[in-house]
There are 2 protein chains.
Amino acid sequence: MSNFETLFYYIQETSGKLLSEDDKHLLMAHFKPKKLRKRQYFLQEGDVCKYIAFIVKGSARTFTVDDKGHEHILKLSLENWWIVDFESFYLLTPSRFNIEALENLEVLQSTNAQIEEFLKHIPAFSAMSNVISQNNTIATQKRMQAAMIYTAEERYEDLISNYPQFLQRFPQNMIASYLGLSPETLSRLKKNSFK
Amino acid sequence: MSNFETLFYYIQETSGKLLSEDDKHLLMAHFKPKKLRKRQYFLQEGDVCKYIAFIVKGSARTFTVDDKGHEHILKLSLENWWIVDFESFYLLTPSRFNIEALENLEVLQSTNAQIEEFLKHIPAFSAMSNVISQNNTIATQKRMQAAMIYTAEERYEDLISNYPQFLQRFPQNMIASYLGLSPETLSRLKKNSFK
DNA sequence: GCCTTAACTTGATCTGGGTCAAGCTTACTT
DNA sequence: AAGTAAGCTTGACCCAGATCAAGTTAAGGC
């Protein structure tokens, strides 16, 4: 499956609508393939996030660095996910986040102006956008709740059942940071859960 | 200003578009005014959230109860906010949340099916919906980040500068729960910040 | 206006998870 | 294949914020 076929398939699956040939040509004209090597940055703190990108292959992390120089991972992303800092992308403000490739990364990227065009002219794209924002609202609410109520151990078990791929694809210290834990705590927690 | 005028004004302000007379009639036909007395529930855990409501007057809290019987407030809502559990509302699943009036509450409520109609037929409504979901995405991302990085004190100061009305309208123990703190901790924290 | 209940404060103590440090393992580099 | 770096584990210690308890203030109900 080519990069674009992956995107087309994703849009149709998510929206429940078909793309016409015209739709596909429009998407192909305005989504640009881009490759990043492991450790390269898709977005750097302080820059405006000009692009939104669809991951065709590889993985990435979105993180901030606090005053003490500690990194905090807010999001881990795999194939068929979007990477972007929405705040910066919509409002054109400098981003507070970094987005870094954790493996060699292949994406299809586009700008805000072009996305507006897609939303206006491609019904499947606009339906997809609604579905995503709906899912997103639900997921963040859940994660919020999880962060408030659950202990470290419960959050780890939650991750295992909701995103088992993460354990294969991301090093443990990244998972720890994503869960808001120190690497040491996650290590100990795993040991105890097998007793 | 009548209940509906408040809603019309809100939609126009948020969307940046005007409502036609037809639009207004459609809204008036399908948003039902409802009053709840202080302590009454708009939504109870386990029920499906059939309505979304626009607060015309009063305030509410969205909270869950954990295994130990402790309440956790996820959201505090005032005039010109919406109350709903999106997950339950969209997916028709039983809600894990309670939504309770903290003051006598006047809302305008509508169902999922009717909202779909508004989105289809009223451009200002659909634009408003996009703006809200955009703001929502940004706000939750910020709150997520805040929860991961900031100390209790920093989160409290953040609340003071972002939502100063909250201090007037909500009792301190509710604010503590919203911030993920025990009432005792918030009390101590306030004392120290005035030293 | 009195009484009950809810909200807030203050102190004493406890604990989950962080921090620091050192050793161990796995995996890229050249 | 050896060398170096990155990731993981384990132990000792520490601290922010929770919990428990008791007293104080404020506010709704009749």
# chains A, B, ... in the order shown; residues from 1 in each chain; ligands from 1
$ residues_around --residues "range 19-22 of chain C" --least-positions-apart "4" --cutoff "12 Å" --atoms "only C-alpha atoms (C1' of nucleotides)" --output "PyMOL selection string"
(chain A and resi 182-185) or (chain D and resi 9-15)
$ residues_around --residues "range 89-93 of chain A" --least-positions-apart "3" --cutoff "8 Å" --atoms "only C-alpha atoms (C1' of nucleotides)" --output "ChimeraX atom specification"
/A:48-52,84-86,112
$ write_last_selection --atoms "N, CA, C and O atoms" --output "short mmCIF file (atom, residue, chain, number, x, y, z; two decimals), in the first residue's frame"
data_model
loop_
_atom_site.label_atom_id
_atom_site.label_comp_id
_atom_site.auth_asym_id
_atom_site.auth_seq_id
_atom_site.Cartn_x
_atom_site.Cartn_y
_atom_site.Cartn_z
N VAL A 48 6.23 27.96 15.50
CA VAL A 48 4.82 27.78 15.20
C VAL A 48 4.65 26.46 14.46
O VAL A 48 5.44 26.13 13.58
N CYS A 49 3.63 25.71 14.85
CA CYS A 49 3.37 24.41 14.23
C CYS A 49 2.63 24.64 12.92
O CYS A 49 1.41 24.78 12.90
N LYS A 50 3.37 24.70 11.82
CA LYS A 50 2.76 25.05 10.53
C LYS A 50 2.11 23.86 9.85
O LYS A 50 1.28 24.02 8.99
N TYR A 51 2.52 22.64 10.26
CA TYR A 51 2.01 21.47 9.58
C TYR A 51 1.29 20.52 10.51
O TYR A 51 1.63 20.40 11.69
N ILE A 52 0.32 19.85 9.93
CA ILE A 52 -0.27 18.70 10.60
C ILE A 52 0.16 17.50 9.76
O ILE A 52 0.22 17.60 8.53
N VAL A 84 0.57 16.93 15.66
CA VAL A 84 0.32 18.37 15.54
C VAL A 84 0.18 18.93 16.95
O VAL A 84 -0.17 18.21 17.87
N ASP A 85 0.52 20.21 17.13
CA ASP A 85 0.10 20.91 18.34
C ASP A 85 -1.06 21.81 17.92
O ASP A 85 -0.84 22.86 17.31
N PHE A 86 -2.28 21.39 18.26
CA PHE A 86 -3.45 22.11 17.77
C PHE A 86 -3.45 23.57 18.18
O PHE A 86 -3.81 24.43 17.38
N ASN A 112 -2.55 24.45 7.55
CA ASN A 112 -3.87 24.84 8.04
C ASN A 112 -4.77 25.29 6.89
O ASN A 112 -5.92 24.85 6.79
#
$ residues_around --residues "range 2-4 of chain D" --least-positions-apart "6" --cutoff "12 Å" --atoms "only C-alpha atoms (C1' of nucleotides)" --output "NGL selection string"
:C and (27-30)
$ interface_residues --of "chain B" --to "chain C" --cutoff "9 Å" --atoms "only C-alpha atoms (C1' of nucleotides)" --output "PyMOL selection string"
chain B and resi 171-173+183-184+187-188
$ write_last_selection --atoms "all heavy atoms" --output "short mmCIF file (atom, residue, chain, number, x, y, z; two decimals), in the first residue's frame"
data_model
loop_
_atom_site.label_atom_id
_atom_site.label_comp_id
_atom_site.auth_asym_id
_atom_site.auth_seq_id
_atom_site.Cartn_x
_atom_site.Cartn_y
_atom_site.Cartn_z
N PRO B 171 -17.58 26.86 46.46
CA PRO B 171 -16.94 26.67 47.77
C PRO B 171 -15.55 26.08 47.60
O PRO B 171 -15.26 25.40 46.61
CB PRO B 171 -17.86 25.69 48.49
CG PRO B 171 -18.75 25.12 47.45
CD PRO B 171 -18.81 26.08 46.33
N GLN B 172 -14.72 26.35 48.57
CA GLN B 172 -13.30 26.01 48.48
C GLN B 172 -13.04 24.51 48.35
O GLN B 172 -12.11 24.10 47.65
CB GLN B 172 -12.61 26.56 49.72
CG GLN B 172 -11.13 26.64 49.62
CD GLN B 172 -10.57 27.40 50.79
OE1 GLN B 172 -10.94 28.55 51.03
NE2 GLN B 172 -9.70 26.77 51.55
N ASN B 173 -13.87 23.71 49.00
CA ASN B 173 -13.64 22.26 48.90
C ASN B 173 -13.92 21.73 47.49
O ASN B 173 -13.29 20.78 47.05
CB ASN B 173 -14.46 21.50 49.95
CG ASN B 173 -15.95 21.75 49.83
OD1 ASN B 173 -16.38 22.59 49.03
ND2 ASN B 173 -16.72 21.04 50.62
N PRO B 183 -9.11 19.18 50.63
CA PRO B 183 -9.49 20.51 51.14
C PRO B 183 -8.43 21.05 52.10
O PRO B 183 -8.14 22.26 52.09
CB PRO B 183 -10.80 20.26 51.87
CG PRO B 183 -11.29 18.94 51.43
CD PRO B 183 -10.15 18.17 50.87
N GLU B 184 -7.85 20.18 52.90
CA GLU B 184 -6.83 20.61 53.86
C GLU B 184 -5.63 21.23 53.15
O GLU B 184 -5.14 22.28 53.55
CB GLU B 184 -6.35 19.43 54.71
CG GLU B 184 -7.38 18.85 55.66
CD GLU B 184 -8.11 17.68 55.04
OE1 GLU B 184 -8.26 17.65 53.80
OE2 GLU B 184 -8.54 16.79 55.81
N SER B 187 -6.40 24.66 51.78
CA SER B 187 -6.48 25.63 52.88
C SER B 187 -5.08 26.09 53.32
O SER B 187 -4.82 27.28 53.44
CB SER B 187 -7.22 24.98 54.05
OG SER B 187 -7.20 25.82 55.18
N ARG B 188 -4.19 25.15 53.51
CA ARG B 188 -2.81 25.46 53.93
C ARG B 188 -2.09 26.28 52.88
O ARG B 188 -1.37 27.23 53.19
CB ARG B 188 -2.04 24.16 54.15
CG ARG B 188 -2.34 23.54 55.50
CD ARG B 188 -1.46 22.32 55.74
NE ARG B 188 -2.21 21.09 55.59
CZ ARG B 188 -2.79 20.44 56.61
NH1 ARG B 188 -2.68 20.89 57.84
NH2 ARG B 188 -3.45 19.33 56.41
#
$ interface_residues --of "chain A" --to "chain B" --cutoff "7 Å" --atoms "only C-alpha atoms" --output "ChimeraX atom specification"
/A:66,86-87,133,137-138,140,144,148-149,180
$ write_last_selection --atoms "N, CA, C and O atoms" --output "tab-separated table (two decimals), in the first residue's frame"
chain	number	residue	atom	x	y	z
A	66	ASP	N	10.28	20.92	31.47
A	66	ASP	CA	9.93	21.86	32.53
A	66	ASP	C	11.14	22.68	32.99
A	66	ASP	O	12.24	22.54	32.46
A	86	PHE	N	-2.28	21.39	18.26
A	86	PHE	CA	-3.45	22.11	17.77
A	86	PHE	C	-3.45	23.57	18.18
A	86	PHE	O	-3.81	24.43	17.38
A	87	GLU	N	-3.07	23.84	19.40
A	87	GLU	CA	-3.09	25.24	19.85
A	87	GLU	C	-2.26	26.11	18.91
A	87	GLU	O	-2.72	27.12	18.41
A	133	SER	N	-12.50	14.56	16.30
A	133	SER	CA	-12.58	15.49	17.42
A	133	SER	C	-13.51	14.94	18.49
A	133	SER	O	-13.27	15.14	19.69
A	137	THR	N	-12.19	14.21	22.23
A	137	THR	CA	-12.86	14.74	23.42
A	137	THR	C	-13.06	13.63	24.44
A	137	THR	O	-12.76	13.79	25.62
A	138	ILE	N	-13.55	12.51	23.96
A	138	ILE	CA	-13.81	11.38	24.86
A	138	ILE	C	-12.52	10.85	25.48
A	138	ILE	O	-12.44	10.66	26.69
A	140	THR	N	-9.58	12.34	25.90
A	140	THR	CA	-8.92	13.23	26.86
A	140	THR	C	-9.67	13.29	28.16
A	140	THR	O	-9.06	13.35	29.23
A	144	MET	N	-7.90	12.37	31.63
A	144	MET	CA	-8.04	13.33	32.73
A	144	MET	C	-8.52	12.60	33.98
A	144	MET	O	-7.93	12.71	35.05
A	148	MET	N	-6.62	11.68	37.62
A	148	MET	CA	-7.09	12.15	38.93
A	148	MET	C	-7.35	11.01	39.89
A	148	MET	O	-7.13	11.13	41.08
A	149	ILE	N	-7.88	9.90	39.37
A	149	ILE	CA	-8.42	8.88	40.26
A	149	ILE	C	-7.49	7.70	40.45
A	149	ILE	O	-7.38	7.17	41.54
A	180	GLY	N	3.38	9.70	33.56
A	180	GLY	CA	3.66	10.64	34.63
A	180	GLY	C	4.44	10.01	35.77
A	180	GLY	O	4.29	10.40	36.92
$ residues_around --residues "range 30-40 of chain A" --least-positions-apart "6" --cutoff "7 Å" --atoms "only C-alpha atoms (C1' of nucleotides)" --output "list in words"
Glu100, Ala101, Leu102, Glu103, Asn104, Leu105, Glu106, Val107, Leu108, Gln109, Ser110 and Gln114 of chain A
$ interface_residues --of "chain D" --to "chain B" --cutoff "9 Å" --atoms "only C-alpha atoms (C1' of nucleotides)" --output "ChimeraX atom specification"
/D:16-18
$ atom_distance --atom1 "CA of Gly46 in chain A" --atom2 "CA of Val131 in chain B"
24.2 Å
$ select_by_dssp --residues "range 15-156 of chain A" --states "alpha helix (DSSP H)" --output "NGL selection string"
:A and (15 or 21-30 or 86-91 or 112-121 or 123-149 or 152-156)
$ write_last_selection --atoms "C-alpha atoms" --output "PDB file, in the first residue's frame"
ATOM      1  CA  SER A  15     -15.517   8.815   8.225  1.00  0.00           C
ATOM      2  CA  GLU A  21     -11.313  10.387  -7.659  1.00  0.00           C
ATOM      3  CA  ASP A  22     -11.418  14.181  -7.512  1.00  0.00           C
ATOM      4  CA  ASP A  23     -11.149  14.076  -3.726  1.00  0.00           C
ATOM      5  CA  LYS A  24      -8.100  11.841  -3.995  1.00  0.00           C
ATOM      6  CA  HIS A  25      -6.424  14.125  -6.502  1.00  0.00           C
ATOM      7  CA  LEU A  26      -7.017  17.115  -4.279  1.00  0.00           C
ATOM      8  CA  LEU A  27      -5.504  15.285  -1.309  1.00  0.00           C
ATOM      9  CA  MET A  28      -2.522  14.114  -3.344  1.00  0.00           C
ATOM     10  CA  ALA A  29      -1.909  17.641  -4.574  1.00  0.00           C
ATOM     11  CA  HIS A  30      -1.770  19.131  -1.096  1.00  0.00           C
ATOM     12  CA  PHE A  86      -3.450  22.111  17.773  1.00  0.00           C
ATOM     13  CA  GLU A  87      -3.088  25.238  19.849  1.00  0.00           C
ATOM     14  CA  SER A  88      -0.140  26.451  17.813  1.00  0.00           C
ATOM     15  CA  PHE A  89      -1.579  25.159  14.539  1.00  0.00           C
ATOM     16  CA  TYR A  90      -4.929  26.931  14.937  1.00  0.00           C
ATOM     17  CA  LEU A  91      -3.841  30.086  16.723  1.00  0.00           C
ATOM     18  CA  ASN A 112      -3.867  24.838   8.037  1.00  0.00           C
ATOM     19  CA  ALA A 113      -5.031  26.667   4.895  1.00  0.00           C
ATOM     20  CA  GLN A 114      -5.081  23.435   2.928  1.00  0.00           C
ATOM     21  CA  ILE A 115      -6.933  21.583   5.654  1.00  0.00           C
ATOM     22  CA  GLU A 116      -9.621  24.277   5.513  1.00  0.00           C
ATOM     23  CA  GLU A 117      -9.963  23.538   1.802  1.00  0.00           C
ATOM     24  CA  PHE A 118     -10.271  19.806   2.403  1.00  0.00           C
ATOM     25  CA  LEU A 119     -12.928  20.415   5.043  1.00  0.00           C
ATOM     26  CA  LYS A 120     -14.884  22.603   2.658  1.00  0.00           C
ATOM     27  CA  HIS A 121     -14.639  20.430  -0.439  1.00  0.00           C
ATOM     28  CA  PRO A 123     -17.276  15.490   2.657  1.00  0.00           C
ATOM     29  CA  ALA A 124     -15.409  12.390   3.833  1.00  0.00           C
ATOM     30  CA  PHE A 125     -12.612  14.569   5.172  1.00  0.00           C
ATOM     31  CA  SER A 126     -14.962  16.783   7.106  1.00  0.00           C
ATOM     32  CA  ALA A 127     -16.817  13.767   8.502  1.00  0.00           C
ATOM     33  CA  MET A 128     -13.475  12.264   9.531  1.00  0.00           C
ATOM     34  CA  SER A 129     -12.551  15.500  11.262  1.00  0.00           C
ATOM     35  CA  ASN A 130     -15.764  15.389  13.289  1.00  0.00           C
ATOM     36  CA  VAL A 131     -15.222  11.782  14.269  1.00  0.00           C
ATOM     37  CA  ILE A 132     -11.663  12.498  15.336  1.00  0.00           C
ATOM     38  CA  SER A 133     -12.581  15.495  17.419  1.00  0.00           C
ATOM     39  CA  GLN A 134     -15.369  13.505  19.022  1.00  0.00           C
ATOM     40  CA  ASN A 135     -13.013  10.620  19.849  1.00  0.00           C
ATOM     41  CA  ASN A 136     -10.445  13.066  21.024  1.00  0.00           C
ATOM     42  CA  THR A 137     -12.858  14.739  23.420  1.00  0.00           C
ATOM     43  CA  ILE A 138     -13.809  11.380  24.860  1.00  0.00           C
ATOM     44  CA  ALA A 139     -10.232  10.126  25.127  1.00  0.00           C
ATOM     45  CA  THR A 140      -8.919  13.233  26.855  1.00  0.00           C
ATOM     46  CA  GLN A 141     -11.778  13.201  29.302  1.00  0.00           C
ATOM     47  CA  LYS A 142     -10.933   9.602  30.147  1.00  0.00           C
ATOM     48  CA  ARG A 143      -7.247  10.337  30.513  1.00  0.00           C
ATOM     49  CA  MET A 144      -8.040  13.327  32.729  1.00  0.00           C
ATOM     50  CA  GLN A 145     -10.205  11.136  34.925  1.00  0.00           C
ATOM     51  CA  ALA A 146      -7.551   8.420  34.998  1.00  0.00           C
ATOM     52  CA  ALA A 147      -4.895  10.918  36.066  1.00  0.00           C
ATOM     53  CA  MET A 148      -7.095  12.150  38.928  1.00  0.00           C
ATOM     54  CA  ILE A 149      -8.416   8.876  40.255  1.00  0.00           C
ATOM     55  CA  ALA A 152       0.333   4.580  39.104  1.00  0.00           C
ATOM     56  CA  GLU A 153      -0.287   0.852  38.962  1.00  0.00           C
ATOM     57  CA  GLU A 154      -3.863   1.191  37.737  1.00  0.00           C
ATOM     58  CA  ARG A 155      -2.801   3.626  35.027  1.00  0.00           C
ATOM     59  CA  TYR A 156      -0.146   1.179  33.845  1.00  0.00           C
TER      60      TYR A 156
END
$ select_by_dssp --residues "range 4-194 of chain A" --states "strand (DSSP E or B)" --output "MDAnalysis selection string"
chainID A and resid 32:36 41:43 48 51:57 60:65 71:77 82:83 94 98:101 105:111
$ atom_distance --atom1 "C1' of DG29 in chain D" --atom2 "CA of Ala60 in chain B"
22.5 Å
$ residues_around --residues "Tyr9 in chain B" --least-positions-apart "5" --cutoff "10 Å" --atoms "only C-alpha atoms (C1' of nucleotides)" --output "list in words"
Met1, Phe4, Thr14, Leu18, Leu19 and Asn80 of chain B
$ atom_distance --atom1 "CA of Arg61 in chain B" --atom2 "C1' of DT24 in chain D"
27.5 Å
